[in-house]
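Containing PDB, C-alpha atoms: model_11.pdb.
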ATOM      1  CA  MET T  97     -75.135  70.756  21.033  1.00  0.00           C
ATOM      2  CA  THR T  98     -74.133  67.869  18.784  1.00  0.00           C
ATOM      3  CA  ARG T  99     -70.544  66.843  18.587  1.00  0.00           C
ATOM      4  CA  PRO T 100     -69.037  67.117  15.089  1.00  0.00           C
ATOM      5  CA  SER T 101     -68.114  63.894  13.352  1.00  0.00           C
ATOM      6  CA  PRO T 102     -64.438  63.004  13.560  1.00  0.00           C
ATOM      7  CA  ARG T 103     -62.454  63.967  10.490  1.00  0.00           C
ATOM      8  CA  ILE T 104     -60.979  60.723   9.208  1.00  0.00           C
ATOM      9  CA  ALA T 105     -58.862  60.464   6.070  1.00  0.00           C
ATOM     10  CA  LEU T 106     -57.904  57.365   4.153  1.00  0.00           C
ATOM     11  CA  TYR T 107     -54.385  57.546   2.711  1.00  0.00           C
ATOM     12  CA  PRO T 108     -54.029  54.725   0.168  1.00  0.00           C
ATOM     13  CA  GLY T 109     -50.839  53.391  -1.361  1.00  0.00           C
ATOM     14  CA  SER T 110     -48.509  50.448  -1.630  1.00  0.00           C
ATOM     15  CA  PHE T 111     -46.043  51.811   0.957  1.00  0.00           C
ATOM     16  CA  ASP T 112     -43.470  49.307  -0.305  1.00  0.00           C
ATOM     17  CA  PRO T 113     -41.728  50.714   1.702  1.00  0.00           C
ATOM     18  CA  ILE T 114     -42.933  53.848   3.470  1.00  0.00           C
ATOM     19  CA  THR T 115     -40.568  56.789   2.888  1.00  0.00           C
ATOM     20  CA  ARG T 116     -39.828  59.979   4.790  1.00  0.00           C
ATOM     21  CA  GLY T 117     -41.906  61.744   2.113  1.00  0.00           C
ATOM     22  CA  HIS T 118     -44.946  59.667   3.136  1.00  0.00           C
ATOM     23  CA  ILE T 119     -44.191  60.248   6.814  1.00  0.00           C
ATOM     24  CA  LYS T 120     -43.978  64.040   6.416  1.00  0.00           C
ATOM     25  CA  LEU T 121     -47.226  64.108   4.440  1.00  0.00           C
ATOM     26  CA  ILE T 122     -49.074  62.023   7.056  1.00  0.00           C
ATOM     27  CA  SER T 123     -47.678  64.183   9.877  1.00  0.00           C
ATOM     28  CA  ARG T 124     -48.934  67.322   8.139  1.00  0.00           C
ATOM     29  CA  ALA T 125     -52.315  65.707   7.483  1.00  0.00           C
ATOM     30  CA  LEU T 126     -52.668  64.961  11.206  1.00  0.00           C
ATOM     31  CA  THR T 127     -52.930  68.732  11.764  1.00  0.00           C
ATOM     32  CA  ILE T 128     -56.073  68.688   9.586  1.00  0.00           C
ATOM     33  CA  PHE T 129     -57.633  65.309  10.380  1.00  0.00           C
ATOM     34  CA  ASP T 130     -58.420  63.643  13.706  1.00  0.00           C
ATOM     35  CA  ARG T 131     -57.220  60.292  12.415  1.00  0.00           C
ATOM     36  CA  ILE T 132     -55.474  58.897   9.357  1.00  0.00           C
ATOM     37  CA  ILE T 133     -56.138  55.385   8.132  1.00  0.00           C
ATOM     38  CA  ILE T 134     -53.255  54.217   6.004  1.00  0.00           C
ATOM     39  CA  GLY T 135     -54.615  51.766   3.468  1.00  0.00           C
ATOM     40  CA  ILE T 136     -52.104  49.354   2.025  1.00  0.00           C
ATOM     41  CA  ALA T 137     -53.281  48.334  -1.420  1.00  0.00           C
ATOM     42  CA  ILE T 138     -53.442  44.609  -1.941  1.00  0.00           C
ATOM     43  CA  ASN T 139     -52.848  44.517  -5.686  1.00  0.00           C
ATOM     44  CA  ILE T 140     -52.584  41.017  -7.097  1.00  0.00           C
ATOM     45  CA  SER T 141     -50.980  42.337 -10.295  1.00  0.00           C
ATOM     46  CA  LYS T 142     -47.933  43.640  -8.386  1.00  0.00           C
ATOM     47  CA  GLN T 143     -45.474  41.642  -6.334  1.00  0.00           C
ATOM     48  CA  PRO T 144     -44.345  43.827  -3.424  1.00  0.00           C
ATOM     49  CA  MET T 145     -40.851  43.529  -2.008  1.00  0.00           C
ATOM     50  CA  PHE T 146     -42.166  43.543   1.559  1.00  0.00           C
ATOM     51  CA  SER T 147     -45.065  41.537   2.960  1.00  0.00           C
ATOM     52  CA  PHE T 148     -48.183  43.269   4.211  1.00  0.00           C
ATOM     53  CA  GLU T 149     -47.066  42.528   7.783  1.00  0.00           C
ATOM     54  CA  GLU T 150     -43.623  44.047   7.196  1.00  0.00           C
ATOM     55  CA  ARG T 151     -45.145  47.204   5.712  1.00  0.00           C
ATOM     56  CA  VAL T 152     -47.521  47.513   8.685  1.00  0.00           C
ATOM     57  CA  ALA T 153     -44.559  47.182  11.070  1.00  0.00           C
ATOM     58  CA  PHE T 154     -42.643  49.934   9.204  1.00  0.00           C
ATOM     59  CA  ILE T 155     -45.644  52.265   9.423  1.00  0.00           C
ATOM     60  CA  GLU T 156     -46.303  51.528  13.092  1.00  0.00           C
ATOM     61  CA  ASP T 157     -42.614  52.151  13.824  1.00  0.00           C
ATOM     62  CA  ALA T 158     -42.859  55.560  12.113  1.00  0.00           C
ATOM     63  CA  PHE T 159     -45.948  56.649  14.069  1.00  0.00           C
ATOM     64  CA  PRO T 160     -45.738  55.518  17.684  1.00  0.00           C
ATOM     65  CA  ASP T 161     -48.539  56.938  19.830  1.00  0.00           C
ATOM     66  CA  MET T 162     -50.173  58.756  16.906  1.00  0.00           C
ATOM     67  CA  PRO T 163     -53.792  58.532  15.675  1.00  0.00           C
ATOM     68  CA  VAL T 164     -52.767  56.414  12.710  1.00  0.00           C
ATOM     69  CA  GLU T 165     -54.007  52.944  11.874  1.00  0.00           C
ATOM     70  CA  VAL T 166     -53.202  50.588   9.036  1.00  0.00           C
ATOM     71  CA  THR T 167     -55.567  48.384   7.068  1.00  0.00           C
ATOM     72  CA  PRO T 168     -55.475  46.391   3.829  1.00  0.00           C
ATOM     73  CA  LEU T 169     -57.381  47.791   0.845  1.00  0.00           C
ATOM     74  CA  ASP T 170     -58.843  45.427  -1.696  1.00  0.00           C
ATOM     75  CA  GLY T 171     -61.520  47.040  -3.819  1.00  0.00           C
ATOM     76  CA  LEU T 172     -62.674  50.377  -5.139  1.00  0.00           C
ATOM     77  CA  LEU T 173     -61.140  53.174  -3.101  1.00  0.00           C
ATOM     78  CA  VAL T 174     -64.412  55.025  -2.459  1.00  0.00           C
ATOM     79  CA  HIS T 175     -66.061  51.791  -1.310  1.00  0.00           C
ATOM     80  CA  GLU T 176     -63.159  51.175   1.075  1.00  0.00           C
ATOM     81  CA  ALA T 177     -63.350  54.770   2.362  1.00  0.00           C
ATOM     82  CA  GLN T 178     -67.075  54.379   2.965  1.00  0.00           C
ATOM     83  CA  ARG T 179     -66.583  51.022   4.719  1.00  0.00           C
ATOM     84  CA  LEU T 180     -63.967  52.617   6.996  1.00  0.00           C
ATOM     85  CA  HIS T 181     -66.213  55.645   7.736  1.00  0.00           C
ATOM     86  CA  CYS T 182     -63.753  58.108   6.223  1.00  0.00           C
ATOM     87  CA  ASN T 183     -64.780  61.652   5.286  1.00  0.00           C
ATOM     88  CA  ALA T 184     -61.872  62.114   2.911  1.00  0.00           C
ATOM     89  CA  ILE T 185     -59.263  60.467   0.777  1.00  0.00           C
ATOM     90  CA  LEU T 186     -55.785  61.915   1.266  1.00  0.00           C
ATOM     91  CA  ARG T 187     -53.432  62.097  -1.688  1.00  0.00           C
ATOM     92  CA  GLY T 188     -49.948  63.515  -2.024  1.00  0.00           C
ATOM     93  CA  LEU T 189     -48.799  65.422  -5.072  1.00  0.00           C
ATOM     94  CA  ARG T 190     -45.164  65.597  -6.129  1.00  0.00           C
ATOM     95  CA  SER T 191     -45.511  66.967  -9.652  1.00  0.00           C
ATOM     96  CA  GLY T 192     -47.852  68.016 -12.424  1.00  0.00           C
ATOM     97  CA  THR T 193     -47.804  64.448 -13.697  1.00  0.00           C
ATOM     98  CA  ASP T 194     -49.200  63.293 -10.356  1.00  0.00           C
ATOM     99  CA  PHE T 195     -51.909  65.960 -10.582  1.00  0.00           C
ATOM    100  CA  ASP T 196     -53.088  64.810 -14.012  1.00  0.00           C
ATOM    101  CA  TYR T 197     -53.504  61.219 -12.821  1.00  0.00           C
ATOM    102  CA  GLU T 198     -55.040  62.219  -9.477  1.00  0.00           C
ATOM    103  CA  PHE T 199     -57.486  64.615 -11.155  1.00  0.00           C
ATOM    104  CA  ARG T 200     -58.926  61.766 -13.221  1.00  0.00           C
ATOM    105  CA  MET T 201     -59.107  59.462 -10.192  1.00  0.00           C
ATOM    106  CA  THR T 202     -60.783  62.149  -8.072  1.00  0.00           C
ATOM    107  CA  SER T 203     -63.354  62.819 -10.775  1.00  0.00           C
ATOM    108  CA  MET T 204     -64.239  59.128 -10.954  1.00  0.00           C
ATOM    109  CA  ASN T 205     -64.352  58.750  -7.173  1.00  0.00           C
ATOM    110  CA  SER T 206     -66.593  61.796  -6.882  1.00  0.00           C
ATOM    111  CA  SER T 207     -68.978  60.380  -9.470  1.00  0.00           C
ATOM    112  CA  LEU T 208     -69.171  57.159  -7.424  1.00  0.00           C
ATOM    113  CA  ASN T 209     -69.602  58.858  -4.034  1.00  0.00           C
ATOM    114  CA  GLN T 210     -70.012  62.632  -3.678  1.00  0.00           C
ATOM    115  CA  ASP T 211     -69.886  62.459   0.128  1.00  0.00           C
ATOM    116  CA  ILE T 212     -66.197  61.568   0.251  1.00  0.00           C
ATOM    117  CA  GLU T 213     -63.850  64.453  -0.507  1.00  0.00           C
ATOM    118  CA  THR T 214     -60.355  64.100  -1.878  1.00  0.00           C
ATOM    119  CA  VAL T 215     -57.758  66.302  -0.192  1.00  0.00           C
ATOM    120  CA  PHE T 216     -54.410  66.924  -1.859  1.00  0.00           C
ATOM    121  CA  LEU T 217     -51.268  67.929  -0.019  1.00  0.00           C
ATOM    122  CA  MET T 218     -48.188  68.966  -1.909  1.00  0.00           C
ATOM    123  CA  SER T 219     -44.992  67.151  -1.024  1.00  0.00           C
ATOM    124  CA  ASP T 220     -42.259  69.048   0.714  1.00  0.00           C
ATOM    125  CA  PRO T 221     -40.131  70.430  -2.167  1.00  0.00           C
ATOM    126  CA  ALA T 222     -37.142  68.481  -0.822  1.00  0.00           C
ATOM    127  CA  ASP T 223     -39.113  65.240  -1.259  1.00  0.00           C
ATOM    128  CA  THR T 224     -40.560  65.638  -4.760  1.00  0.00           C
ATOM    129  CA  PHE T 225     -38.184  63.083  -6.258  1.00  0.00           C
ATOM    130  CA  ILE T 226     -38.638  60.428  -3.553  1.00  0.00           C
ATOM    131  CA  SER T 227     -40.633  57.318  -4.394  1.00  0.00           C
ATOM    132  CA  SER T 228     -40.613  53.824  -2.952  1.00  0.00           C
ATOM    133  CA  SER T 229     -39.489  52.368  -6.275  1.00  0.00           C
ATOM    134  CA  LEU T 230     -36.572  54.809  -6.559  1.00  0.00           C
ATOM    135  CA  ILE T 231     -35.515  54.071  -2.976  1.00  0.00           C
ATOM    136  CA  LYS T 232     -35.469  50.332  -3.769  1.00  0.00           C
ATOM    137  CA  GLU T 233     -33.415  50.956  -6.902  1.00  0.00           C
ATOM    138  CA  VAL T 234     -30.816  53.001  -5.017  1.00  0.00           C
ATOM    139  CA  ALA T 235     -30.663  50.373  -2.250  1.00  0.00           C
ATOM    140  CA  ARG T 236     -30.236  47.583  -4.821  1.00  0.00           C
ATOM    141  CA  PHE T 237     -26.962  49.206  -5.906  1.00  0.00           C
ATOM    142  CA  GLN T 238     -25.795  49.975  -2.351  1.00  0.00           C
ATOM    143  CA  GLY T 239     -26.553  53.707  -2.496  1.00  0.00           C
ATOM    144  CA  ASP T 240     -27.160  55.635   0.721  1.00  0.00           C
ATOM    145  CA  ILE T 241     -30.922  55.623   1.385  1.00  0.00           C
ATOM    146  CA  THR T 242     -30.727  56.644   5.051  1.00  0.00           C
ATOM    147  CA  PRO T 243     -31.899  60.246   4.430  1.00  0.00           C
ATOM    148  CA  PHE T 244     -35.073  58.983   2.762  1.00  0.00           C
ATOM    149  CA  VAL T 245     -36.395  56.185   5.002  1.00  0.00           C
ATOM    150  CA  THR T 246     -36.519  55.249   8.681  1.00  0.00           C
ATOM    151  CA  PRO T 247     -33.634  53.216  10.123  1.00  0.00           C
ATOM    152  CA  LYS T 248     -35.887  50.135  10.306  1.00  0.00           C
ATOM    153  CA  VAL T 249     -36.715  50.399   6.585  1.00  0.00           C
ATOM    154  CA  ALA T 250     -33.071  51.040   5.654  1.00  0.00           C
ATOM    155  CA  ASP T 251     -31.965  47.940   7.583  1.00  0.00           C
ATOM    156  CA  ALA T 252     -34.681  45.820   5.966  1.00  0.00           C
ATOM    157  CA  LEU T 253     -33.725  46.975   2.466  1.00  0.00           C
ATOM    158  CA  LEU T 254     -30.035  46.303   3.098  1.00  0.00           C
ATOM    159  CA  HIS T 255     -30.941  42.839   4.359  1.00  0.00           C
ATOM    160  CA  LYS T 256     -33.176  42.090   1.331  1.00  0.00           C
ATOM    161  CA  PHE T 257     -30.489  43.071  -1.133  1.00  0.00           C
ATOM    162  CA  SER T 258     -27.655  41.335   0.719  1.00  0.00           C
ATOM    163  CA  GLU T 259     -29.656  38.098   0.446  1.00  0.00           C
ATOM    164  CA  SER T 260     -29.898  38.440  -3.326  1.00  0.00           C
ATOM    165  CA  VAL T 261     -26.178  38.941  -3.902  1.00  0.00           C
TER     166      VAL T 261
END

Whole structure given in structure tokens:
Amino acid sequence: MTRPSPRIALYPGSFDPITRGHIKLISRALTIFDRIIIGIAINISKQPMFSFEERVAFIEDAFPDMPVEVTPLDGLLVHEAQRLHCNAILRGLRSGTDFDYEFRMTSMNSSLNQDIETVFLMSDPADTFISSSLIKEVARFQGDITPFVTPKVADALLHKFSESV
């Protein structure tokens, strides 16, 4: 009897920084997939607040002893998924606006490589408003972000914004 291939999903994003919404989605996905590869997009058109290394550290802190790994992504998503031997691309949906964008991306990815499925998980309803950019905005004005990020991320954001004052 042949052993089935491991189910590996690539979860791409900027994760600048990772939020509790991301963490919950990845935790749920680990009940479906054997391993999740978190791909941090290296996008030269955007200037992230945190370095690649800092974002990796935040993710590793959130998933100790879990089948999660982190890698940079720099190219077409389906090519990266193929290179990493992933069966699926994992995407989170918070709203209908997300779905419209993701539907177009999934259609393009499928036309480029039909062997890689896209799997959508809906965000926890309590997390539909959470985004990394909103968390940074709240932190910039000294709002309480502790319910939305790990303590390590909260400390790093407080430190970043205290330096700029």

**OP:** Could you give me, as a list in words, the residues that sit within 12 Å of (-30.7, 41.0, 1.4) in the file's coordinates, counting all atoms listed in the file?
**Re:** Met145, Phe146, Lys232, Ala235, Arg236, Phe237, Gln238, Ala250, Asp251, Ala252, Leu253, Leu254, His255, Lys256, Phe257, Ser258, Glu259, Ser260 and Val261 of chain T

Subject >> Selection result of the PyMOL selection byres ((chain T and resi 210) around 12) on this file, as a PyMOL selection string >> reply: chain T and resi 174-175+177-178+183-185+202-209+211-214

Restricted to C-alpha atoms, what would the selected residues look like written as a PDB file, keeping the file's coordinate frame?
ATOM      1  CA  VAL T 174     -64.412  55.025  -2.459  1.00  0.00           C
ATOM      2  CA  HIS T 175     -66.061  51.791  -1.310  1.00  0.00           C
ATOM      3  CA  ALA T 177     -63.350  54.770   2.362  1.00  0.00           C
ATOM      4  CA  GLN T 178     -67.075  54.379   2.965  1.00  0.00           C
ATOM      5  CA  ASN T 183     -64.780  61.652   5.286  1.00  0.00           C
ATOM      6  CA  ALA T 184     -61.872  62.114   2.911  1.00  0.00           C
ATOM      7  CA  ILE T 185     -59.263  60.467   0.777  1.00  0.00           C
ATOM      8  CA  THR T 202     -60.783  62.149  -8.072  1.00  0.00           C
ATOM      9  CA  SER T 203     -63.354  62.819 -10.775  1.00  0.00           C
ATOM     10  CA  MET T 204     -64.239  59.128 -10.954  1.00  0.00           C
ATOM     11  CA  ASN T 205     -64.352  58.750  -7.173  1.00  0.00           C
ATOM     12  CA  SER T 206     -66.593  61.796  -6.882  1.00  0.00           C
ATOM     13  CA  SER T 207     -68.978  60.380  -9.470  1.00  0.00           C
ATOM     14  CA  LEU T 208     -69.171  57.159  -7.424  1.00  0.00           C
ATOM     15  CA  ASN T 209     -69.602  58.858  -4.034  1.00  0.00           C
ATOM     16  CA  ASP T 211     -69.886  62.459   0.128  1.00  0.00           C
ATOM     17  CA  ILE T 212     -66.197  61.568   0.251  1.00  0.00           C
ATOM     18  CA  GLU T 213     -63.850  64.453  -0.507  1.00  0.00           C
ATOM     19  CA  THR T 214     -60.355  64.100  -1.878  1.00  0.00           C
TER      20      THR T 214
END

When the PyMOL selection byres ((chain T and resi 219-225) around 12) is applied to the file above, which residues end up in the set, as a PDB file with C-alpha atoms, in the frame of the given file?
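Done, and the output landed in selection-v4.pdb:
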ATOM      1  CA  THR T 115     -40.568  56.789   2.888  1.00  0.00           C
ATOM      2  CA  ARG T 116     -39.828  59.979   4.790  1.00  0.00           C
ATOM      3  CA  GLY T 117     -41.906  61.744   2.113  1.00  0.00           C
ATOM      4  CA  HIS T 118     -44.946  59.667   3.136  1.00  0.00           C
ATOM      5  CA  ILE T 119     -44.191  60.248   6.814  1.00  0.00           C
ATOM      6  CA  LYS T 120     -43.978  64.040   6.416  1.00  0.00           C
ATOM      7  CA  LEU T 121     -47.226  64.108   4.440  1.00  0.00           C
ATOM      8  CA  ILE T 122     -49.074  62.023   7.056  1.00  0.00           C
ATOM      9  CA  SER T 123     -47.678  64.183   9.877  1.00  0.00           C
ATOM     10  CA  ARG T 124     -48.934  67.322   8.139  1.00  0.00           C
ATOM     11  CA  ALA T 125     -52.315  65.707   7.483  1.00  0.00           C
ATOM     12  CA  ARG T 187     -53.432  62.097  -1.688  1.00  0.00           C
ATOM     13  CA  GLY T 188     -49.948  63.515  -2.024  1.00  0.00           C
ATOM     14  CA  LEU T 189     -48.799  65.422  -5.072  1.00  0.00           C
ATOM     15  CA  ARG T 190     -45.164  65.597  -6.129  1.00  0.00           C
ATOM     16  CA  SER T 191     -45.511  66.967  -9.652  1.00  0.00           C
ATOM     17  CA  GLY T 192     -47.852  68.016 -12.424  1.00  0.00           C
ATOM     18  CA  THR T 193     -47.804  64.448 -13.697  1.00  0.00           C
ATOM     19  CA  ASP T 194     -49.200  63.293 -10.356  1.00  0.00           C
ATOM     20  CA  PHE T 195     -51.909  65.960 -10.582  1.00  0.00           C
ATOM     21  CA  PHE T 216     -54.410  66.924  -1.859  1.00  0.00           C
ATOM     22  CA  LEU T 217     -51.268  67.929  -0.019  1.00  0.00           C
ATOM     23  CA  MET T 218     -48.188  68.966  -1.909  1.00  0.00           C
ATOM     24  CA  ILE T 226     -38.638  60.428  -3.553  1.00  0.00           C
ATOM     25  CA  SER T 227     -40.633  57.318  -4.394  1.00  0.00           C
ATOM     26  CA  SER T 228     -40.613  53.824  -2.952  1.00  0.00           C
ATOM     27  CA  SER T 229     -39.489  52.368  -6.275  1.00  0.00           C
ATOM     28  CA  LEU T 230     -36.572  54.809  -6.559  1.00  0.00           C
ATOM     29  CA  ILE T 231     -35.515  54.071  -2.976  1.00  0.00           C
ATOM     30  CA  PRO T 243     -31.899  60.246   4.430  1.00  0.00           C
ATOM     31  CA  PHE T 244     -35.073  58.983   2.762  1.00  0.00           C
ATOM     32  CA  VAL T 245     -36.395  56.185   5.002  1.00  0.00           C
TER      33      VAL T 245
END

Original post:
Using all atoms listed in the file, which residue out of T:Gly171, T:Gly239, T:Pro113, T:Pro108 lies closest to Phe154 in chain T?
Top reply: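 For Phe154 in chain T, the nearest of the candidates is T:Pro113.
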
Subject >> Contacts of Leu186 in chain T at 6 Å (all atoms listed in the file; same-chain gap of 5+ positions) as a ChimeraX atom specification >> reply: /T:105-107,214-215

**OP:** Go ahead and compute the interatomic distance for CA of Met201 in chain T and CA of Phe129 in chain T, in Å to one decimal.
**Re:**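 Pair CA of Met201 in chain T / CA of Phe129 in chain T returns 21.4 Å.
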
Original post:
Rounded to one decimal in Å, what is the spacing between CA of Glu150 in chain T and CA of Pro168 in chain T?
Top reply: 12.5 Å

**OP:** To one decimal in Å, tell me the separation between CA of Ile132 in chain T and CA of Thr246 in chain T.
**Re:** 19.3 Å

Original post:
When distances are computed from only C-alpha atoms, which of T:Lys142, T:Lys248, T:His181, T:Arg200 shows the smallest separation from Ile104 in chain T?
Top reply: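 With only C-alpha atoms as the atom set, the closest residue is T:His181.
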
Enclose range 132-145 of chain T, meaning all of its atoms listed in the file, in a box aligned along x, y and z, pad it by 6 Å on each side, and list the centre and edge lengths in Å to one decimal, as lines of an AutoDock Vina configuration file.
center_x = -48.5
center_y = 50.0
center_z = -0.5
size_x = 27.3
size_y = 29.9
size_z = 31.7

Subject >> Given the PyMOL selection byres ((chain T and resi 149) around 12), the residues it picks as a list of chain:residue names >> reply: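 The output of the PyMOL selection byres ((chain T and resi 149) around 12) on this file is T:Phe111, T:Asp112, T:Pro113, T:Ile136, T:Ile138, T:Pro144, T:Met145, T:Phe146, T:Ser147, T:Phe148, T:Glu150, T:Arg151, T:Val152, T:Ala153, T:Phe154, T:Ile155, T:Glu156, T:Val166, T:Thr167, T:Pro168.
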
Subject >> Given only C-alpha atoms as the counted atoms, nearest of T:Ile241, T:Cys182, T:Ile133, T:Thr127 to Pro102 in chain T >> reply: T:Cys182

Original post:
Which residue, T:Gly109, T:Tyr197, T:Asp240, T:Arg131, has the smallest gap to Phe159 in chain T when you use all atoms listed in the file?
Top reply: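 So, comparing all the options, the nearest one is T:Arg131.
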
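Using only C-alpha atoms, the shortest contact distance between Pro163 in chain T and any of T:Glu198, T:Arg103, T:Thr242, T:Arg179 is found at T:Arg103.
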